[in-house]
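See below for the structure under consideration.
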Amino acid sequence: MMNLKQMVGIKASEYVKDGMIVGLGTGSTAYYMIEELGRRVKEENLQIVGVPTSIASKKQAEGLGITVKTIDEVDHVDLTIDGADEIDENFGGIKGGGAALLFEKIVATYSKKIICIVDESKMVKNLGAFPLPVEVIPYGCMQVFKKFEALGYQPTLRKKEDGSTLITDCGHYIIDLHLEKIEQPEQLARQLDHTVGVVEHGLFLNMVDTVIIGHENGVEVLESQK
Ligand code: 5RP
């Protein structure tokens, strides 16, 4: 039986048409979307170029025979399909649970359309129960960490299972902020954007066009009014 992540991954792939340049998200939900695109490339001779947002998605896409290019090798991206950790009522999102938020945000920023694929557990009233990932340059990161502590953001430096510090695909660290509830996402995003040492954060605000939600009884598609 299909799980919810697989359902939304397959549904999202229907938005991909011949000739498109497609941003390929990262994570266990995006995985199914990439698998489905790979199937269509093989079985339906779908002609696309994928722009992966992580080393893992690049390897997966290449393994499936999808042509891949970097964001700098294409002149636009038609559509990006990616997962999310939380999506609120305004289509704001938290991303980066899978540590790929920097490439994900760059590819999303230069995409004409963004589709988020989530199971229903990711839909929230307020963002923040999921720890907000903040990607930082290793140099000086403990100063940034202390600043977050002083602000009451309850930071933790992300570790791997073996206890070593997680290093992103771009050689950075991730500090997760345990905020419980983000009252003013725009304000927090501006503050993080202006914090020296922060490369990017996982707040994706005013970016998402379509959310595809997996429910036990089927798939729901929501379009942004933006
Ligand atoms: C990776 C991400 C993922 O899209 C997000 O963490 C959701 O992952 P999953 O589909 O595995 O639940 O932002 O950086």
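Order determines the names: the first chain of the structure tokens is A, the second B, and so forth; residues in each chain are numbered 1 upward, and ligands are numbered 1 upward as they are shown.
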Which stretch 180-222 of chain A residues have any atom within 12 Å of an atom of stretch 88-101 of chain A, and for each, what is the nearest pair of atoms with distance in Å to one decimal, counting only C-alpha atoms, rows sorted by chain and number, as a tab-separated table?
```
residue	atom	partner	partner_atom	distance
A:Lys181	CA	A:Asp88	CA	11.5
A:Ile182	CA	A:Ile94	CA	10.7
A:Glu183	CA	A:Asp88	CA	11.9
A:Gln184	CA	A:Gly92	CA	11.3
A:Pro185	CA	A:Gly92	CA	8.5
A:Glu186	CA	A:Gly92	CA	9.7
A:Ala189	CA	A:Ile94	CA	11.1
A:Val199	CA	A:Leu101	CA	10.2
A:Glu200	CA	A:Leu101	CA	7.6
A:His201	CA	A:Leu101	CA	7.2
A:Gly202	CA	A:Lys95	CA	4.7
A:Leu203	CA	A:Ile94	CA	4.9
A:Phe204	CA	A:Gly93	CA	4.9
A:Leu205	CA	A:Gly92	CA	4.6
A:Asn206	CA	A:Gly92	CA	6.3
A:Met207	CA	A:Gly92	CA	7.5
A:Val208	CA	A:Phe91	CA	6.1
A:Asp209	CA	A:Phe91	CA	7.8
A:Thr210	CA	A:Phe91	CA	8.2
A:Val211	CA	A:Phe91	CA	7.6
A:Ile212	CA	A:Phe91	CA	11.2
A:Leu222	CA	A:Phe91	CA	9.2
```
Check which residues of chain A sit at most 9 Å from ligand 1 using only C-alpha atoms and all ligand atoms, and return one row each with the closest pair of atoms and their distance in Å to one decimal, ordered by chain and rising number, as a Markdown table.
```
| residue | atom | partner | partner_atom_place_in_ligand_line | distance |
| --- | --- | --- | --- | --- |
| A:Lys5 | CA | ligand 1 | 10 (O) | 7.2 |
| A:Gly25 | CA | ligand 1 | 4 (O) | 6.3 |
| A:Thr26 | CA | ligand 1 | 1 (C) | 5.0 |
| A:Gly27 | CA | ligand 1 | 11 (O) | 3.8 |
| A:Ser28 | CA | ligand 1 | 11 (O) | 3.5 |
| A:Thr29 | CA | ligand 1 | 10 (O) | 3.7 |
| A:Ala30 | CA | ligand 1 | 10 (O) | 5.9 |
| A:Tyr31 | CA | ligand 1 | 10 (O) | 7.6 |
| A:Thr53 | CA | ligand 1 | 14 (O) | 8.6 |
| A:Ser54 | CA | ligand 1 | 14 (O) | 8.5 |
| A:Asp82 | CA | ligand 1 | 4 (O) | 5.5 |
| A:Gly83 | CA | ligand 1 | 4 (O) | 3.5 |
| A:Ala84 | CA | ligand 1 | 7 (C) | 4.1 |
| A:Asp85 | CA | ligand 1 | 7 (C) | 4.7 |
| A:Glu86 | CA | ligand 1 | 7 (C) | 8.2 |
| A:Ile94 | CA | ligand 1 | 13 (O) | 7.3 |
| A:Lys95 | CA | ligand 1 | 13 (O) | 3.7 |
| A:Gly96 | CA | ligand 1 | 14 (O) | 3.3 |
| A:Gly97 | CA | ligand 1 | 6 (O) | 3.5 |
| A:Gly98 | CA | ligand 1 | 1 (C) | 3.5 |
| A:Ala99 | CA | ligand 1 | 14 (O) | 4.3 |
| A:Ala100 | CA | ligand 1 | 14 (O) | 3.6 |
| A:Leu101 | CA | ligand 1 | 14 (O) | 4.6 |
| A:Leu102 | CA | ligand 1 | 14 (O) | 8.0 |
| A:Phe103 | CA | ligand 1 | 14 (O) | 8.6 |
| A:Glu104 | CA | ligand 1 | 14 (O) | 7.0 |
| A:Cys116 | CA | ligand 1 | 4 (O) | 8.4 |
| A:Ile117 | CA | ligand 1 | 10 (O) | 7.8 |
| A:Val118 | CA | ligand 1 | 10 (O) | 6.9 |
| A:Asp119 | CA | ligand 1 | 12 (O) | 8.3 |
| A:Lys122 | CA | ligand 1 | 12 (O) | 8.4 |
| A:Pro133 | CA | ligand 1 | 14 (O) | 8.9 |
| A:Gly202 | CA | ligand 1 | 13 (O) | 7.6 |
```
Residues flagged alpha helix (DSSP H) by DSSP in chain A, as a ChimeraX atom specification: /A:4-13,28-44,55-63,101-109,141-150,185-193
Taking the chain letters and numbering used in this document, name the residues of stretch 59-170 of chain A that DSSP puts in strand (DSSP E or B), as a list in words.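 Here is the list: Thr67, Val68, Val77, Leu79, Thr80, Ile81, Asp82, Glu86, Ile87, Gly93, Ile94, Ser111, Ile114, Ile115, Cys116, Ile117, Val118, Asp119, Met123, Leu132, Pro133, Val134, Glu135, Val136, Pro155, Thr156, Leu157, Lys159 and Thr165 of chain A.
Minimum atom-to-atom distance to A:Gln154, evaluated using only C-alpha atoms, belongs to A:Pro131 out of A:Gly171, A:Pro131, A:Gly38, A:Pro138.
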Looking at only C-alpha atoms, which of A:Lys112, A:His215, A:Arg39, A:Lys226 is the one that sits closest to A:Leu4?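 Once distances to A:Leu4 are computed over only C-alpha atoms, the minimum belongs to A:His215.
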Name all residues at most 6 Å from A:Gly23 (count only C-alpha atoms; drop same-chain ones fewer than 5 positions away) and give them as a PyMOL selection string. chain A and resi 50-52+80
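Residues within 12 Å of A:Gly63, counting only C-alpha atoms and excluding same-chain residues fewer than 5 positions away, are Ile34, Glu35, Leu37, Gly38, Arg39, Val41, Lys42, Ala56, Ser57, Lys58 and Val68 of chain A.
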Output N, CA, C and O atoms of each residue in that selection to a file, as a CSV table (one decimal), in the first residue's frame.
```
chain,number,residue,atom,x,y,z
A,34,ILE,N,11.1,12.1,-7.0
A,34,ILE,CA,12.2,11.9,-7.9
A,34,ILE,C,12.1,10.5,-8.5
A,34,ILE,O,12.3,10.3,-9.7
A,35,GLU,N,11.7,9.5,-7.7
A,35,GLU,CA,11.5,8.1,-8.2
A,35,GLU,C,10.5,8.1,-9.3
A,35,GLU,O,10.7,7.5,-10.4
A,37,LEU,N,9.5,10.7,-11.3
A,37,LEU,CA,10.1,11.3,-12.4
A,37,LEU,C,11.0,10.4,-13.2
A,37,LEU,O,11.0,10.3,-14.4
A,38,GLY,N,11.8,9.6,-12.4
A,38,GLY,CA,12.7,8.7,-13.1
A,38,GLY,C,11.9,7.6,-13.8
A,38,GLY,O,12.3,7.2,-15.0
A,39,ARG,N,10.8,7.2,-13.3
A,39,ARG,CA,10.0,6.2,-14.0
A,39,ARG,C,9.4,6.8,-15.3
A,39,ARG,O,9.4,6.2,-16.3
A,41,VAL,N,10.7,9.2,-17.0
A,41,VAL,CA,11.7,9.4,-18.0
A,41,VAL,C,12.0,8.1,-18.7
A,41,VAL,O,12.1,8.1,-20.0
A,42,LYS,N,12.0,7.0,-18.0
A,42,LYS,CA,12.3,5.7,-18.6
A,42,LYS,C,11.1,5.2,-19.4
A,42,LYS,O,11.2,4.8,-20.6
A,56,ALA,N,22.5,14.0,-2.2
A,56,ALA,CA,21.7,12.8,-2.2
A,56,ALA,C,20.7,12.8,-3.3
A,56,ALA,O,20.5,11.8,-4.1
A,57,SER,N,20.0,14.0,-3.6
A,57,SER,CA,19.0,14.0,-4.7
A,57,SER,C,19.7,13.9,-6.0
A,57,SER,O,19.1,13.4,-7.0
A,58,LYS,N,20.9,14.5,-6.1
A,58,LYS,CA,21.6,14.4,-7.4
A,58,LYS,C,22.0,13.0,-7.7
A,58,LYS,O,21.7,12.5,-8.8
A,68,VAL,N,20.8,15.9,-15.1
A,68,VAL,CA,20.9,16.9,-14.0
A,68,VAL,C,21.8,18.0,-14.4
A,68,VAL,O,22.8,17.8,-15.0
```
State, in Å with one decimal place, the distance from atom CA of A:Ile174 to atom CA of A:Pro155.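 Taking atom CA of A:Ile174 and atom CA of A:Pro155, their separation equals 9.8 Å.
For the pair atom CA of A:Ile175 and atom CA of A:Ser111, the interatomic distance is 26.5 Å.
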So what do you get for atom CA of A:Leu24 versus atom CA of A:Lys159, distance-wise?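 Here the two named atoms are 25.0 Å from each other.
Nearest residue to A:Gln60, choosing from A:Met33, A:Ala150, A:Val16, A:Val196 and counting only C-alpha atoms: A:Met33.
Residue nearest A:Glu135, chosen from A:Ala108, A:Val198, A:Ile167, A:Met123 and counting only C-alpha atoms: A:Val198.
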